[in-house]
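Structure, as structure tokens:
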Amino acid sequence: MSAFDPAARPGSTVLPALACPVCGGALAPDVLPRPSSLRCPLGHSADLARQGYASLLRGRHATSGDTTAMVQARADLLGSGHYRVIQDAVAAAVPAGARLVVDLGCGTGAYLSAVLEAHPAADGLGLDLSAPAARRAARAHPRAAIATADLWQPLPLADASADALLTVFAPRNAPEMRRVLRPGGVAVVVTPRERHLHEIRERFGMLGIDAGKAERLDEQLAGFALEERIELDTTVLMSVDELRAEVLMGPSAHHVDPEALDARLAAVEGTTAVTVAVTVSRFVRAE
């Protein structure tokens, strides 16, 4: 049964929150009980893929987001439990009573799933540009609906429709975040600190982390009030396979030579101690 079928979960807040990516009108399933698309009153259509996600992209895109290989690498790394401390912190930052949680740049859906497990009354919507990510995320949690969408375009959501937004290592479109978040709603933002993965970044040719990320984040979200900020620091032991997944699951995958990476990994023996250092910030949209 489709996550976008009202009968799939009576009372779900996902479908009423969706907006047509073309005109902004309300979306509804074309037929029940097995809809093949969502349609607005003006007749614009958004396909529902057989893998369980909706396509809410508008027009062509120069990039298609994360590749299948990147998504698999991320699933492998997150499956190791090394980032569980981040998942738990994100879930704890979402207020009790939140009804609709929207993950902007949801990837595999792991962080959204952690939130939904901690908040049994909440519904989840994950948005990501990548179709491979959407396919994976559509299987992540029974209360999560997933759609492909461009986060730099107007979000396919009605005004003030979300109780909480998540952006975990993901782009932030501040004006749109403010538009779709209800007054008093929260945005939970996870950003890496300079020490994050510092043992392996240069060693394996990964992209660096700019200094001053927290300051720029506050400038970006000037229309929000910073309510809480915590710094997470832990050390994990990564196997060679986990190191490879870490390098290839994010933007560094577009810049690393796979053969050179494998040559460097071949010299690694046993496990490697790696620092996980991130900031979890909770912002509130003022009235």
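Residue numbering restarts at 1 in every chain; chains get A, B, ... in the order shown in the structure tokens, and ligands count up from 1 in that same order.
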Skipping near chain neighbours, those fewer than 6 positions away, what residues fall within 12 Å of range 3-5 of chain A using only C-alpha atoms, listed as a PyMOL selection string?
chain A and resi 11-18+27-39+46-55+123-126+138-147
I'd like to know which residues of range 57-236 of chain A are strand (DSSP E) (by DSSP, run on the backbone); could you write them as a ChimeraX atom specification?
/A:100-104,123-128,144-148,162-168,181-192,224-236
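Excluding Met238 in chain A and any residue on its chain fewer than 4 positions from it, the residues at most 9 Å away by only C-alpha atoms are A:Ser80, A:His82, A:Glu242, A:Leu243, A:Gly270, A:Thr271, A:Thr272, A:Ala273, A:Val274.
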Resulting file, chosen residues, C-alpha atoms, as a PDB file, in the first residue's frame:
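Result file follows (result21.pdb):
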ATOM      1  CA  SER A  80      27.689  -0.011  11.491  1.00  0.00           C
ATOM      2  CA  HIS A  82      29.112   4.538  14.319  1.00  0.00           C
ATOM      3  CA  GLU A 242      33.960   1.067   6.832  1.00  0.00           C
ATOM      4  CA  LEU A 243      36.730   3.529   5.977  1.00  0.00           C
ATOM      5  CA  GLY A 270      43.199  -3.771  11.533  1.00  0.00           C
ATOM      6  CA  THR A 271      40.908  -0.960  12.643  1.00  0.00           C
ATOM      7  CA  THR A 272      41.454   2.793  12.591  1.00  0.00           C
ATOM      8  CA  ALA A 273      40.401   5.185  15.352  1.00  0.00           C
ATOM      9  CA  VAL A 274      38.323   7.975  13.802  1.00  0.00           C
TER      10      VAL A 274
END
Contact residues around range 170-183 of chain A with only C-alpha atoms at 7 Å, ignoring same-chain residues under 3 positions, as a PyMOL selection string:
chain A and resi 105+151-152+154-155+157-164+167+220-221+285-287
For N, CA and C atoms, I'd like the residues from the last selection saved as a PDB file, in the first residue's frame.
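Output below, filename part39.pdb:
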ATOM      1  N   GLY A 105      16.892  16.475   2.586  1.00  0.00           N
ATOM      2  CA  GLY A 105      18.121  15.779   2.237  1.00  0.00           C
ATOM      3  C   GLY A 105      18.217  14.497   3.039  1.00  0.00           C
ATOM      4  N   LEU A 151      15.966  20.766  -3.181  1.00  0.00           N
ATOM      5  CA  LEU A 151      15.896  21.595  -1.980  1.00  0.00           C
ATOM      6  C   LEU A 151      16.200  23.058  -2.247  1.00  0.00           C
ATOM      7  N   TRP A 152      16.782  23.376  -3.402  1.00  0.00           N
ATOM      8  CA  TRP A 152      17.078  24.775  -3.729  1.00  0.00           C
ATOM      9  C   TRP A 152      15.925  25.455  -4.450  1.00  0.00           C
ATOM     10  N   PRO A 154      11.503  26.035  -4.616  1.00  0.00           N
ATOM     11  CA  PRO A 154      10.414  26.049  -3.630  1.00  0.00           C
ATOM     12  C   PRO A 154      10.056  24.627  -3.205  1.00  0.00           C
ATOM     13  N   LEU A 155      10.031  24.383  -1.920  1.00  0.00           N
ATOM     14  CA  LEU A 155       9.755  23.043  -1.426  1.00  0.00           C
ATOM     15  C   LEU A 155       8.302  22.661  -1.705  1.00  0.00           C
ATOM     16  N   LEU A 157       5.760  21.807  -0.299  1.00  0.00           N
ATOM     17  CA  LEU A 157       5.038  21.757   0.967  1.00  0.00           C
ATOM     18  C   LEU A 157       4.215  23.023   1.144  1.00  0.00           C
ATOM     19  N   ALA A 158       3.095  22.877   1.806  1.00  0.00           N
ATOM     20  CA  ALA A 158       2.249  24.033   2.106  1.00  0.00           C
ATOM     21  C   ALA A 158       2.908  24.905   3.171  1.00  0.00           C
ATOM     22  N   ASP A 159       2.512  26.161   3.212  1.00  0.00           N
ATOM     23  CA  ASP A 159       3.026  27.080   4.228  1.00  0.00           C
ATOM     24  C   ASP A 159       2.718  26.550   5.633  1.00  0.00           C
ATOM     25  N   ALA A 160       3.698  26.692   6.532  1.00  0.00           N
ATOM     26  CA  ALA A 160       3.517  26.364   7.953  1.00  0.00           C
ATOM     27  C   ALA A 160       2.956  24.962   8.170  1.00  0.00           C
ATOM     28  N   SER A 161       3.399  24.010   7.356  1.00  0.00           N
ATOM     29  CA  SER A 161       2.849  22.655   7.425  1.00  0.00           C
ATOM     30  C   SER A 161       3.668  21.698   8.281  1.00  0.00           C
ATOM     31  N   ALA A 162       4.931  22.023   8.566  1.00  0.00           N
ATOM     32  CA  ALA A 162       5.814  21.108   9.290  1.00  0.00           C
ATOM     33  C   ALA A 162       5.993  21.550  10.740  1.00  0.00           C
ATOM     34  N   ASP A 163       6.044  20.577  11.627  1.00  0.00           N
ATOM     35  CA  ASP A 163       6.329  20.860  13.035  1.00  0.00           C
ATOM     36  C   ASP A 163       7.827  20.864  13.310  1.00  0.00           C
ATOM     37  N   ALA A 164       8.566  20.065  12.550  1.00  0.00           N
ATOM     38  CA  ALA A 164      10.017  19.984  12.734  1.00  0.00           C
ATOM     39  C   ALA A 164      10.677  19.691  11.397  1.00  0.00           C
ATOM     40  N   THR A 167      17.911  18.863   8.934  1.00  0.00           N
ATOM     41  CA  THR A 167      18.915  18.969   7.875  1.00  0.00           C
ATOM     42  C   THR A 167      20.216  18.429   8.459  1.00  0.00           C
ATOM     43  N   GLN A 220      22.946  32.248   8.115  1.00  0.00           N
ATOM     44  CA  GLN A 220      21.966  31.686   7.186  1.00  0.00           C
ATOM     45  C   GLN A 220      20.571  31.669   7.793  1.00  0.00           C
ATOM     46  N   LEU A 221      20.498  31.273   9.046  1.00  0.00           N
ATOM     47  CA  LEU A 221      19.205  31.103   9.714  1.00  0.00           C
ATOM     48  C   LEU A 221      18.896  32.280  10.627  1.00  0.00           C
ATOM     49  N   ARG A 285      11.414  28.691  14.878  1.00  0.00           N
ATOM     50  CA  ARG A 285      10.824  29.752  14.063  1.00  0.00           C
ATOM     51  C   ARG A 285       9.967  30.632  14.958  1.00  0.00           C
ATOM     52  N   ALA A 286      10.288  31.904  14.981  1.00  0.00           N
ATOM     53  CA  ALA A 286       9.530  32.841  15.810  1.00  0.00           C
ATOM     54  C   ALA A 286       8.124  33.011  15.254  1.00  0.00           C
ATOM     55  N   GLU A 287       7.242  33.508  16.102  1.00  0.00           N
ATOM     56  CA  GLU A 287       5.850  33.739  15.675  1.00  0.00           C
ATOM     57  C   GLU A 287       5.792  34.761  14.547  1.00  0.00           C
TER      58      GLU A 287
END
For Arg282 in chain A, work out the shell of residues within 8 Å, counting only C-alpha atoms and skipping chain neighbours fewer than 6 positions away, then give it as a ChimeraX atom specification.
/A:93,186-189,226-229
Which value, in Å to one decimal, gives the distance between CA of His198 in chain A and CA of Val280 in chain A?
18.5 Å
Can you list, as a PyMOL selection string, every protein, DNA or RNA residue that comes within 9 Å of Thr279 in chain A when you count only C-alpha atoms, leaving out same-chain residues fewer than 5 positions away?
chain A and resi 189-193+214+229-233
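You can rank A:Ala263, A:Ala122, A:Leu129, A:Val85 by their closest distance to Gly97 in chain A using only C-alpha atoms, and at the top of that list sits A:Ala122.
With only C-alpha atoms as the atoms that count, the minimum distance from Asp76 in chain A to the choices A:Ala110, A:Leu265, A:Ala211, A:Ala131 is reached by A:Ala110.
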Picked from range 105-222 of chain A by DSSP as helix (DSSP H, G or I), as a PyMOL selection string
chain A and resi 110-118+131-137+174-180+198-201+213-220
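Of the listed residues (A:Leu217, A:Ala222, A:Val168, A:Ala26), A:Ala222 comes nearest to Val284 in chain A; the distances count only C-alpha atoms.
Counting only C-alpha atoms and comparing A:Ile200, A:Ala260, A:Ala98, A:Ala69, the residue that lies closest to Val276 in chain A is A:Ile200.
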Would you mind telling me which residue in A:Arg216, A:Arg201, A:Met70, A:Ala121 lies nearest to Arg9 in chain A when using only C-alpha atoms?
A:Ala121
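Minimum atom-to-atom distances from A:Arg203, A:Arg74, A:Leu127, A:Cys40 to Leu104 in chain A were compared using only C-alpha atoms, and the lowest value belongs to A:Leu127.
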